[in-house]
Each structure stands twice: as structure tokens, then as C-alpha cells.
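Participant: Take a look at start24.txt, compact mmCIF, C-alpha atoms and all ligand atoms:
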# COMPACT_ATOMS: atom_id res chain seq x y z
CA MET A 1 -30.00 -93.07 -29.48
CA GLY A 2 -30.86 -91.22 -26.37
CA THR A 3 -33.62 -88.92 -25.21
CA ILE A 4 -31.62 -86.09 -23.70
CA ILE A 5 -32.35 -82.96 -21.69
CA LEU A 6 -31.54 -79.88 -23.75
CA GLY A 7 -32.39 -77.28 -21.12
CA THR A 8 -33.93 -76.78 -17.68
CA GLY A 9 -35.76 -73.93 -15.96
CA SER A 10 -37.64 -73.19 -12.77
CA TRP A 11 -39.68 -70.42 -11.21
CA LEU A 12 -40.75 -69.78 -7.63
CA PRO A 13 -43.40 -67.38 -6.35
CA ARG A 14 -42.05 -64.21 -4.72
CA ARG A 15 -43.68 -64.68 -1.33
CA VAL A 16 -41.71 -66.67 1.25
CA MET A 17 -43.76 -68.17 4.10
CA SER A 18 -41.71 -69.19 7.14
CA ASN A 19 -42.59 -71.70 9.83
CA VAL A 20 -42.98 -68.76 12.22
CA GLU A 21 -45.80 -67.40 10.06
CA LEU A 22 -47.51 -70.78 10.25
CA GLU A 23 -47.40 -70.57 14.06
CA GLU A 24 -49.94 -67.73 13.71
CA MET A 25 -52.25 -69.84 11.58
CA VAL A 26 -52.35 -73.31 13.18
CA ASP A 27 -51.29 -74.92 16.46
CA THR A 28 -47.69 -75.65 15.51
CA THR A 29 -44.15 -74.44 16.15
CA ASP A 30 -41.12 -73.71 14.02
CA GLU A 31 -39.25 -76.30 16.06
CA TRP A 32 -41.86 -79.04 15.43
CA ILE A 33 -41.85 -78.41 11.70
CA ARG A 34 -38.04 -78.30 11.44
CA THR A 35 -37.45 -81.45 13.46
CA ARG A 36 -40.27 -83.51 11.90
CA THR A 37 -39.89 -82.36 8.29
CA GLY A 38 -36.69 -80.35 7.80
CA ILE A 39 -38.78 -77.60 6.17
CA GLU A 40 -37.93 -73.97 7.06
CA ASN A 41 -39.67 -71.96 4.35
CA ARG A 42 -41.99 -72.44 1.43
CA ARG A 43 -43.17 -70.16 -1.40
CA ILE A 44 -46.82 -69.17 -1.71
CA ALA A 45 -48.30 -67.96 -5.00
CA GLY A 46 -49.77 -64.46 -5.12
CA ALA A 47 -51.46 -62.28 -7.74
CA GLY A 48 -50.16 -63.08 -11.24
CA GLU A 49 -48.77 -66.41 -10.06
CA LYS A 50 -51.39 -68.96 -11.09
CA THR A 51 -50.08 -72.45 -11.82
CA TYR A 52 -49.80 -71.84 -15.57
CA GLN A 53 -48.01 -68.52 -15.01
CA LEU A 54 -45.37 -70.19 -12.85
CA ALA A 55 -45.17 -73.00 -15.42
CA ALA A 56 -44.76 -70.62 -18.35
CA LYS A 57 -41.93 -68.74 -16.61
CA ALA A 58 -40.11 -72.01 -15.88
CA ALA A 59 -40.72 -73.12 -19.50
CA ARG A 60 -39.28 -69.91 -20.94
CA LYS A 61 -36.12 -70.38 -18.88
CA ALA A 62 -35.80 -74.00 -20.03
CA LEU A 63 -36.24 -72.93 -23.67
CA ALA A 64 -33.63 -70.20 -23.28
CA THR A 65 -31.14 -72.69 -21.80
CA ALA A 66 -31.87 -75.11 -24.65
CA GLN A 67 -31.56 -72.22 -27.16
CA LEU A 68 -34.87 -73.17 -28.70
CA SER A 69 -37.90 -71.07 -29.57
CA ALA A 70 -41.39 -71.97 -28.38
CA GLU A 71 -42.42 -72.60 -32.02
CA GLU A 72 -40.03 -75.57 -32.14
CA ILE A 73 -41.87 -77.46 -29.38
CA GLU A 74 -44.34 -80.09 -30.61
CA LEU A 75 -45.55 -81.49 -27.29
CA ILE A 76 -46.14 -79.88 -23.90
CA VAL A 77 -47.07 -82.04 -20.92
CA VAL A 78 -47.74 -80.49 -17.53
CA GLY A 79 -47.83 -82.60 -14.39
CA THR A 80 -50.08 -80.80 -11.92
CA ILE A 81 -52.84 -81.30 -9.37
CA SER A 82 -53.48 -77.60 -8.75
CA SER A 83 -54.32 -75.87 -12.00
CA HIS A 84 -56.78 -72.97 -11.52
CA MET A 85 -59.13 -74.61 -14.05
CA LEU A 86 -60.14 -78.21 -14.69
CA MET A 87 -60.61 -77.43 -18.38
CA PRO A 88 -58.72 -76.16 -20.32
CA SER A 89 -55.68 -77.94 -18.98
CA CYS A 90 -52.78 -76.04 -17.47
CA ALA A 91 -50.74 -77.13 -20.51
CA CYS A 92 -53.16 -75.34 -22.87
CA TYR A 93 -52.66 -72.10 -20.92
CA VAL A 94 -48.89 -72.60 -21.06
CA GLN A 95 -49.03 -73.30 -24.80
CA HIS A 96 -50.78 -69.97 -25.35
CA GLU A 97 -48.72 -68.02 -22.81
CA ILE A 98 -45.35 -68.99 -24.34
CA GLY A 99 -46.56 -68.98 -27.96
CA ALA A 100 -45.90 -72.66 -28.70
CA VAL A 101 -48.11 -72.48 -31.78
CA ASN A 102 -47.00 -75.86 -33.16
CA ALA A 103 -47.50 -77.86 -29.99
CA GLN A 104 -50.17 -80.21 -28.73
CA ALA A 105 -50.60 -79.81 -25.00
CA TYR A 106 -52.20 -81.69 -22.15
CA ASP A 107 -51.89 -82.33 -18.41
CA ILE A 108 -51.18 -85.51 -16.52
CA ASN A 109 -52.24 -86.20 -12.96
CA ALA A 110 -49.74 -88.43 -11.24
CA ALA A 111 -49.42 -86.06 -8.25
CA CYS A 112 -45.81 -85.82 -7.03
CA SER A 113 -44.72 -88.41 -9.63
CA GLY A 114 -45.99 -86.21 -12.48
CA PHE A 115 -42.59 -85.08 -13.73
CA LEU A 116 -41.07 -88.58 -13.86
CA TYR A 117 -44.17 -89.94 -15.60
CA GLY A 118 -43.77 -86.98 -17.97
CA ILE A 119 -40.16 -87.97 -18.75
CA ASP A 120 -41.51 -91.38 -19.81
CA ILE A 121 -43.94 -89.69 -22.21
CA ALA A 122 -41.15 -87.50 -23.62
CA ASP A 123 -38.90 -90.53 -24.06
CA HIS A 124 -41.53 -92.56 -25.93
CA HIS A 125 -42.51 -89.60 -28.10
CA ILE A 126 -38.93 -88.78 -29.04
CA GLN A 127 -37.97 -92.39 -29.70
CA ALA A 128 -40.88 -92.52 -32.16
CA ARG A 129 -40.14 -89.09 -33.74
CA LYS A 130 -36.53 -88.17 -33.24
CA GLU A 131 -36.89 -84.63 -34.61
CA ALA A 132 -39.42 -83.81 -31.86
CA LYS A 133 -38.70 -81.33 -29.07
CA VAL A 134 -40.81 -81.95 -25.99
CA LEU A 135 -41.43 -79.69 -23.00
CA ILE A 136 -42.19 -81.43 -19.71
CA ILE A 137 -43.27 -79.25 -16.79
CA GLY A 138 -44.18 -79.88 -13.17
CA ALA A 139 -46.12 -76.94 -11.74
CA GLU A 140 -48.19 -76.37 -8.63
CA ALA A 141 -50.00 -73.62 -6.81
CA ILE A 142 -50.87 -76.24 -4.21
CA SER A 143 -51.48 -73.48 -1.64
CA SER A 144 -54.86 -73.08 -3.37
CA ARG A 145 -55.69 -76.70 -2.53
CA LEU A 146 -54.62 -76.87 1.13
CA ASN A 147 -56.81 -76.83 4.20
CA TRP A 148 -55.14 -73.98 6.09
CA GLN A 149 -56.78 -75.16 9.32
CA ASP A 150 -55.15 -78.62 9.07
CA ARG A 151 -51.72 -78.56 10.70
CA ASN A 152 -51.04 -82.11 9.45
CA THR A 153 -50.88 -80.93 5.84
CA CYS A 154 -50.60 -77.13 5.47
CA ILE A 155 -47.08 -77.00 6.92
CA LEU A 156 -45.69 -79.48 4.38
CA PHE A 157 -46.41 -78.02 0.96
CA GLY A 158 -45.38 -75.09 -1.21
CA ASP A 159 -45.76 -73.63 -4.71
CA GLY A 160 -43.43 -73.49 -7.70
CA ALA A 161 -42.67 -74.82 -11.18
CA GLY A 162 -39.86 -76.57 -13.00
CA ALA A 163 -39.43 -77.51 -16.66
CA ALA A 164 -37.14 -79.41 -18.98
CA VAL A 165 -36.89 -79.54 -22.78
CA PHE A 166 -36.17 -82.97 -24.23
CA GLY A 167 -34.67 -83.85 -27.61
CA TYR A 168 -32.70 -86.56 -29.36
CA SER A 169 -29.03 -87.46 -29.45
CA GLU A 170 -27.30 -89.96 -31.76
CA ASP A 171 -25.05 -90.76 -28.78
CA ALA A 172 -26.69 -93.90 -27.35
CA ARG A 173 -24.74 -93.57 -24.10
CA ARG A 174 -26.55 -90.35 -23.21
CA GLY A 175 -30.08 -89.58 -22.09
CA VAL A 176 -32.81 -91.62 -20.46
CA LEU A 177 -31.34 -95.02 -19.58
CA GLY A 178 -34.46 -96.48 -18.04
CA SER A 179 -37.36 -96.01 -15.68
CA SER A 180 -39.49 -98.04 -13.33
CA HIS A 181 -42.90 -96.69 -12.42
CA GLY A 182 -45.79 -98.11 -10.48
CA THR A 183 -49.31 -97.32 -9.30
CA ASP A 184 -51.53 -98.73 -6.58
CA GLY A 185 -55.02 -97.24 -6.80
CA SER A 186 -56.21 -99.33 -3.87
CA GLN A 187 -54.24 -97.06 -1.52
CA TRP A 188 -55.78 -93.80 -2.75
CA GLU A 189 -57.16 -92.83 0.65
CA LEU A 190 -53.66 -92.21 2.02
CA LEU A 191 -53.36 -89.02 -0.05
CA TYR A 192 -56.20 -87.48 -2.03
CA MET A 193 -58.16 -84.42 -3.08
CA HIS A 194 -61.85 -84.25 -3.96
CA THR A 195 -63.15 -82.17 -6.86
CA ALA A 196 -65.97 -79.62 -6.66
CA PRO A 197 -69.25 -81.29 -5.63
CA SER A 198 -70.98 -83.26 -8.40
CA THR A 199 -74.11 -81.78 -10.01
CA ASN A 200 -75.32 -85.32 -10.63
CA ALA A 201 -76.50 -86.56 -7.21
CA ASP A 202 -76.36 -90.20 -8.34
CA ILE A 203 -72.60 -90.12 -8.68
CA GLU A 204 -71.74 -87.72 -5.88
CA VAL A 205 -68.85 -88.99 -3.79
CA ALA A 206 -69.98 -89.67 -0.23
CA GLY A 207 -68.22 -87.49 2.32
CA ASN A 208 -66.78 -84.98 -0.15
CA LYS A 209 -64.77 -82.78 2.18
CA GLY A 210 -63.96 -80.14 -0.43
CA ALA A 211 -61.26 -79.73 -3.05
CA PHE A 212 -58.26 -79.76 -0.76
CA LEU A 213 -55.50 -82.20 0.07
CA VAL A 214 -56.12 -84.88 2.70
CA MET A 215 -53.35 -87.13 4.00
CA GLU A 216 -52.63 -90.04 6.34
CA GLY A 217 -49.13 -88.90 7.29
CA LYS A 218 -47.80 -91.96 9.09
CA GLU A 219 -49.01 -94.45 6.47
CA ILE A 220 -47.78 -92.42 3.53
CA PHE A 221 -44.40 -92.10 5.23
CA LYS A 222 -43.93 -95.88 5.41
CA PHE A 223 -45.23 -96.40 1.89
CA ALA A 224 -43.06 -93.63 0.42
CA VAL A 225 -39.76 -94.96 1.72
CA LYS A 226 -40.45 -98.51 0.57
CA ALA A 227 -41.85 -97.54 -2.85
CA MET A 228 -38.93 -95.25 -3.70
CA GLU A 229 -36.36 -97.76 -2.47
CA GLU A 230 -37.87 -100.56 -4.56
CA ALA A 231 -38.20 -98.39 -7.67
CA VAL A 232 -34.57 -97.31 -7.36
CA PHE A 233 -33.30 -100.89 -7.15
CA ARG A 234 -35.55 -101.97 -10.03
CA VAL A 235 -34.30 -99.28 -12.43
CA LEU A 236 -30.68 -99.98 -11.43
CA ASP A 237 -31.25 -103.70 -12.03
CA ASP A 238 -32.92 -103.10 -15.39
CA THR A 239 -30.12 -100.85 -16.63
CA GLY A 240 -27.20 -102.70 -15.05
CA VAL A 241 -25.99 -99.53 -13.32
CA SER A 242 -24.77 -99.79 -9.73
CA LEU A 243 -25.69 -97.29 -7.03
CA ALA A 244 -21.98 -96.52 -6.63
CA ASP A 245 -21.94 -95.32 -10.26
CA VAL A 246 -24.75 -92.82 -9.65
CA SER A 247 -23.28 -89.31 -9.56
CA LEU A 248 -26.29 -87.53 -8.10
CA LEU A 249 -29.65 -88.59 -6.64
CA ILE A 250 -32.46 -86.06 -7.13
CA PRO A 251 -35.38 -87.37 -5.09
CA HIS A 252 -38.87 -85.92 -4.79
CA GLN A 253 -38.47 -83.37 -1.99
CA ALA A 254 -41.31 -84.72 0.19
CA ASN A 255 -39.74 -84.00 3.54
CA MET A 256 -36.38 -84.46 5.20
CA ARG A 257 -37.41 -87.38 7.40
CA ILE A 258 -38.66 -89.48 4.48
CA LEU A 259 -35.50 -88.62 2.59
CA SER A 260 -33.19 -89.40 5.53
CA LYS A 261 -34.81 -92.80 5.91
CA LEU A 262 -34.52 -93.45 2.18
CA LEU A 263 -30.84 -92.46 2.11
CA GLU A 264 -30.17 -94.68 5.10
CA ARG A 265 -31.84 -97.63 3.35
CA LEU A 266 -29.98 -96.97 0.09
CA ALA A 267 -26.72 -96.19 1.95
CA VAL A 268 -26.20 -93.11 -0.25
CA PRO A 269 -24.08 -90.33 1.28
CA ARG A 270 -25.67 -86.87 1.62
CA GLU A 271 -23.12 -85.25 -0.70
CA LYS A 272 -24.50 -87.37 -3.55
CA VAL A 273 -28.04 -86.09 -3.01
CA PHE A 274 -29.59 -82.81 -4.10
CA LEU A 275 -31.80 -81.35 -1.38
CA ASN A 276 -33.79 -78.11 -1.34
CA VAL A 277 -36.83 -79.21 0.69
CA MET A 278 -35.82 -76.85 3.51
CA ASN A 279 -36.41 -73.86 1.22
CA TYR A 280 -39.56 -74.87 -0.64
CA GLY A 281 -41.31 -77.72 1.21
CA ASN A 282 -43.07 -80.33 -0.90
CA THR A 283 -43.99 -78.72 -4.23
CA SER A 284 -45.58 -81.93 -5.54
CA ALA A 285 -45.04 -82.37 -9.31
CA ALA A 286 -42.75 -79.32 -9.35
CA SER A 287 -40.28 -80.63 -6.81
CA ILE A 288 -38.04 -82.78 -9.04
CA PRO A 289 -37.80 -80.33 -11.96
CA ILE A 290 -37.05 -77.41 -9.61
CA ALA A 291 -34.29 -79.47 -7.97
CA LEU A 292 -33.03 -80.59 -11.40
CA ASP A 293 -32.79 -76.98 -12.58
CA GLU A 294 -31.06 -75.82 -9.40
CA ALA A 295 -28.58 -78.70 -9.62
CA ASN A 296 -27.96 -77.86 -13.28
CA ARG A 297 -27.42 -74.14 -12.61
CA ALA A 298 -25.15 -74.96 -9.66
CA GLY A 299 -22.90 -76.93 -12.04
CA ARG A 300 -23.62 -80.24 -10.33
CA LEU A 301 -24.50 -82.05 -13.57
CA LYS A 302 -21.45 -82.85 -15.69
CA ALA A 303 -21.18 -84.63 -19.04
CA ASP A 304 -21.38 -88.40 -18.54
CA ASP A 305 -22.80 -88.09 -15.00
CA THR A 306 -25.47 -90.64 -14.14
CA ILE A 307 -28.44 -88.93 -12.47
CA LEU A 308 -31.04 -90.90 -10.55
CA PHE A 309 -34.52 -89.57 -9.77
CA CYS A 310 -37.20 -91.10 -7.56
CA SER A 311 -40.68 -90.05 -6.52
CA VAL A 312 -43.84 -91.04 -4.74
CA GLY A 313 -47.23 -89.34 -4.65
CA GLY A 314 -51.00 -89.47 -4.53
CA GLY A 315 -52.64 -92.25 -6.47
CA LEU A 316 -50.61 -93.83 -5.14
CA THR A 317 -47.95 -93.39 -7.80
CA TRP A 318 -44.20 -93.86 -7.64
CA GLY A 319 -41.18 -94.25 -9.84
CA ALA A 320 -37.48 -93.96 -10.52
CA THR A 321 -35.69 -92.74 -13.64
CA LEU A 322 -32.04 -92.92 -14.62
CA ILE A 323 -30.47 -90.40 -17.00
CA ARG A 324 -26.92 -90.05 -18.33
CA TRP A 325 -26.21 -86.32 -18.69
N1 LIG B 1 -47.42 -79.10 14.54
C1 LIG B 1 -47.46 -79.63 15.79
N2 LIG B 1 -47.95 -80.85 16.04
C2 LIG B 1 -48.40 -81.56 15.00
C3 LIG B 1 -48.39 -81.08 13.70
C4 LIG B 1 -47.88 -79.78 13.49
N3 LIG B 1 -47.82 -79.21 12.26
N4 LIG B 1 -48.88 -82.00 12.87
C5 LIG B 1 -49.22 -83.05 13.63
N5 LIG B 1 -48.92 -82.78 14.91
C6 LIG B 1 -49.13 -83.62 16.08
C7 LIG B 1 -50.13 -84.70 15.87
O1 LIG B 1 -51.43 -84.20 16.00
C8 LIG B 1 -49.76 -85.67 16.95
O2 LIG B 1 -50.30 -85.24 18.16
P1 LIG B 1 -50.94 -86.31 19.20
O3 LIG B 1 -49.78 -87.21 19.56
O4 LIG B 1 -51.42 -85.44 20.29
O5 LIG B 1 -52.01 -87.01 18.42
C9 LIG B 1 -48.24 -85.52 17.03
O6 LIG B 1 -47.92 -84.27 16.41
C10 LIG B 1 -47.48 -86.61 16.35
O7 LIG B 1 -48.09 -86.83 15.13
P2 LIG B 1 -47.55 -87.90 14.18
O8 LIG B 1 -48.48 -88.05 13.02
O9 LIG B 1 -47.14 -89.11 14.97
O10 LIG B 1 -46.24 -87.18 13.67
P3 LIG B 1 -45.14 -87.82 12.82
O11 LIG B 1 -43.93 -87.96 13.63
O12 LIG B 1 -45.63 -89.02 12.08
O13 LIG B 1 -44.89 -86.69 11.74
C11 LIG B 1 -45.47 -86.15 9.47
C12 LIG B 1 -45.95 -86.25 10.91
C13 LIG B 1 -46.62 -85.62 8.61
C14 LIG B 1 -44.32 -85.16 9.41
C15 LIG B 1 -45.00 -87.57 9.01
O14 LIG B 1 -46.01 -88.52 9.25
C16 LIG B 1 -44.64 -87.59 7.55
O15 LIG B 1 -43.58 -87.14 7.18
N6 LIG B 1 -45.52 -88.15 6.69
C17 LIG B 1 -45.34 -88.14 5.27
C18 LIG B 1 -45.94 -86.88 4.71
C19 LIG B 1 -45.57 -86.59 3.29
O16 LIG B 1 -44.44 -86.30 3.00
N7 LIG B 1 -46.55 -86.66 2.37
C20 LIG B 1 -46.39 -86.39 1.01
C21 LIG B 1 -45.80 -87.54 0.30
S1 LIG B 1 -45.68 -87.21 -1.39
Output the file's structure in the form of C-alpha cells.
Ligand code: COA
Facilitator:
Amino acid sequence: MGTIILGTGSWLPRRVMSNVELEEMVDTTDEWIRTRTGIENRRIAGAGEKTYQLAAKAARKALATAQLSAEEIELIVVGTISSHMLMPSCACYVQHEIGAVNAQAYDINAACSGFLYGIDIADHHIQARKEAKVLIIGAEAISSRLNWQDRNTCILFGDGAGAAVFGYSEDARRGVLGSSHGTDGSQWELLYMHTAPSTNADIEVAGNKGAFLVMEGKEIFKFAVKAMEEAVFRVLDDTGVSLADVSLLIPHQANMRILSKLLERLAVPREKVFLNVMNYGNTSAASIPIALDEANRAGRLKADDTILFCSVGGGLTWGATLIRW
């Protein structure tokens, strides 16, 4: 009895920002960005493209692919760290925007691991209530939470949203085969974002720099490769699937150098990996579901294929998930 994906969707903001444009904003070059990160372009949200609006567009496409109406969804979970409001959640806005009148809706904050953590929630929910249809979304307008004077971070990230609708299949061979997730809160300072300043001076965080992303690039690089590698081997071990049997790896599109190192360590050939980081940069929680949708629409996911996902993000959080299509 599997938790299967019934449909996928994604949505990207209209505006494309190239590396050359970034040369005008910070002390960087197209060549530096390409060689260090593999990123060429990213999308930047504009008017009418708040996080929930991107999310709702991706959700509608996923529902259309699944041939389901919004009324049939009973749970919406959005992984995001860049909603335009702290409360209500992004998921509440999406619920209203798409007319999912029978759904409960909430956000999770697992940074770039948000979508894989969301798959876990969908799986548990559906295994408990097999008639349930669950919408998991990763959505970010992270451009609203970047320090555009910081060349270490602003060149890496981009905006977008991806979504998948989950349901139940009697076919036990299909669906979510397993997952392995982890968290290490002690390493939070490698990648973080403050909130707005506290109005209670007693609990104000010392050195609040503002609500934008801060990163220790070198340290996060080392951590990311190791965490994803270990999570991949753990989920393969747990499920008894070998890496050779994996049809496609869809990793979190952090940057090309992290991914190259990971592929080298896993000894996975490039043709078995879905990559779009050059086009969109790191879209945080949106990166895996956008890649999933693009792989799906490109016909790269066939019945019986074993699809492996892995991620790492602020928290620190990480994980790997295995699905049979
Ligand atoms: N353009 C030009 N120079 C830049 C730059 C930019 N955008 N960003 C940093 N530099 C400079 C640094 O200031 C440094 O200069 P210095 O030697 O004069 O001090 C130099 O380039 C080298 O910096 P370094 O940090 O050693 O670069 P790197 O080779 O480690 O690459 C990252 C930097 C960010 C690309 C790399 O550390 C990385 O990929 N980290 C992981 C980031 C990530 O994916 N985070 C999200 C995970 S979910």
C-alpha cells in the first residue's frame, strides 16, 4: 500500500536575472559565479508573484495533472522560509487562493529540506487515512530575504514554486519506499535568517542583523556533501535498494560544485541525475519539487522507475527519500 504521487506542477517568476546583471550590483563576475556554482540565471519575483501566488500556480498545475479538484484536498503543507507574512501561514493563503475549502493547511520550516520533510508528512497522513489527498508544496520568494550587498549569498539563490499531490495505491510496490531525515540544531549558525526585531527586549536576539539569509559558505559546503551522502546510503540500506537500481537522482539544486562532489562520492553518472540549477539557482524548499515537475514533464519518470531525492538546508536539516513511480 503505497503513498504515490498523482500529479506535479511548478511555477517560476517571469523575470530572469543573469549573472551579468549581478555584476552591476555586487563585486562579482559572470565567470566567477559560473565556475564556482554552475549558476547562469535565476528567477526573481515581481508584482503579483508573492510566495503564496507562486505556490498556488504550482498547486493548480499539480491538481490539473492529477485530475483532481481543490475541494478534494484535505491537507496542504507548504515548505517555505520566505512567505510575505509570518501569520497566516503561506499554506492558508494557498488554501484560499485555490479554493481548497475542505483542507487544513499549515507551513513547515525545514529550509531547503522542506519538500522532503513534507513528503514524510504526506506519507504518514495517507497511511493513516488512505482516502486522503494531500498537497505538498515548496515555495520561495527568497529574493525578499537576501542581502543584495552580500556577494557571498545573493548570487546563489532564486525564486519559484513546485507542488505534488499525493494519494494512495493498493499496489505496495509503488510510492514512497522509505526516507531518512536528520537535524542538527547545534550547527544553525552555518545558515540562518533572523526575524523582525523582538518587541520584548528581554528576549531580543543579540546581534540581530535583519531578516535576511546569512551563510558560512565553506562550512556548509562540507556539511552538505557529507549529510546528503550519508542520508542516501541510509535510505538505500533501509529499503534494500542498490544505487545501481536507482533510475534518477533528483537532488536539492544547491549549486553545481556541491552536486559534482556528491555525484563523485556516490559514483552516480550525470545522465542519471536531474539538474536545473544553472537556470534557477538555489530555490530552497522549491528546488526539489520544481526539478521533480520538470523531470515528470520531460518524460523522465516512467512506471516502476526508482527515484531518489536528497536535500540539505538551514537548521541544519537534511534527508533522502526513495519513491517508486
Ligand atoms: N564573486 C566574486 N568573488 C566572491 C564571491 C562572488 N560572488 N563570493 C565570494 N567571493 C570571494 C571571497 O570573498 C573570497 O575572496 P578572498 O579570497 O579575497 O577572501 C574568494 O571569493 C573565495 O571565497 P571562498 O569562500 O573560498 O569561495 P569558495 O570557493 O568556497 O566558493 C561558495 C564559495 C559559496 C560558492 C562555496 O563555499 C559554496 O558552494 N558553499 C555552499 C553554499 C550553498 O550552496 N549553500 C546553500 C546550501 S542549502
Participant: I want to know what sits within 7 Å of range 142-148 of chain A, based on only C-alpha atoms, with residues of the same chain fewer than 3 positions away left out; could you give that as a list of chain:residue names?
Facilitator: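 Listed by chain and then number, they are A:Ile44, A:Ser82, A:Cys154, A:Gly158, A:Asp159, A:Ala211, A:Phe212, A:Leu213.
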Participant: Enumerate as a ChimeraX atom specification the residues within 9 Å of ligand LIG 1 (chain B), counting all atoms listed in the file.
Facilitator: /A:22-23,26-33,35-37,111-113,150-157,191,215-224,252-258,282,284,311-314
Participant: For a test of reading the model, state the distance in Å between CA of Pro88 in chain A and CA of Asp107 in chain A, rounded to one decimal.
Facilitator: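 CA of Asp107 in chain A lies 9.4 Å from CA of Pro88 in chain A.
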Participant: Out of A:Leu308, A:Leu243, A:Ala227, A:Ala163, which residue has the shortest atom-to-atom distance to Ser179 in chain A when counting all atoms listed in the file?
Facilitator: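 Answer, going by the shortest atom-to-atom distance: A:Leu308.
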Participant: Might I get the box with edges along x, y and z of the file that holds all atoms of range 143-161 of chain A listed there, padded by 5 Å on every side, given as centre and edge lengths in Å to one decimal, as lines of an AutoDock Vina configuration file?
Facilitator:
center_x = -49.7
center_y = -77.6
center_z = -0.2
size_x = 24.1
size_y = 19.0
size_z = 31.9
Participant: For range 122-139 of chain A, find every residue with an atom within 9 Å (counting only C-alpha atoms), except residues of its own chain fewer than 4 positions away, and show them as a PyMOL selection string.
Facilitator: chain A and resi 1-4+51-52+54-56+58-59+62-63+72-83+90-91+103+112+114-115+117-118+159-169+176+283-290
Participant: In Å, rounded to a single decimal, give me how far CA of Ile39 in chain A is from CA of Val277 in chain A.
Facilitator: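 Distance reported for this atom pair: 6.0 Å.
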Participant: Considering all atoms listed in the file, can you say which of A:Thr199, A:Thr8, A:Thr321, A:Asn296 comes closest to Val246 in chain A?
Facilitator: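 The shortest atom-to-atom distance to Val246 in chain A comes from A:Thr321.
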Participant: One decimal, Å: what's the distance from CA of Val16 in chain A over to CA of Arg297 in chain A, could you say?
Facilitator: 21.3 Å
Participant: Smallest atom-to-atom distance to Leu301 in chain A: which of A:Val268, A:Arg42, A:Ile250, A:Leu177, using only C-alpha atoms?
Facilitator: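 Selected residue with least distance to Leu301 in chain A: A:Ile250.
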Participant: Out of A:Met85, A:Val101, A:Tyr192, A:Asn200, which residue has the shortest atom-to-atom distance to Glu71 in chain A when counting all atoms listed in the file?
Facilitator: A:Val101
Participant: Which of these residues is nearest to Gly48 in chain A, using all atoms listed in the file: A:Val241, A:Gly175, A:His84, A:Ala298?
Facilitator: A:His84
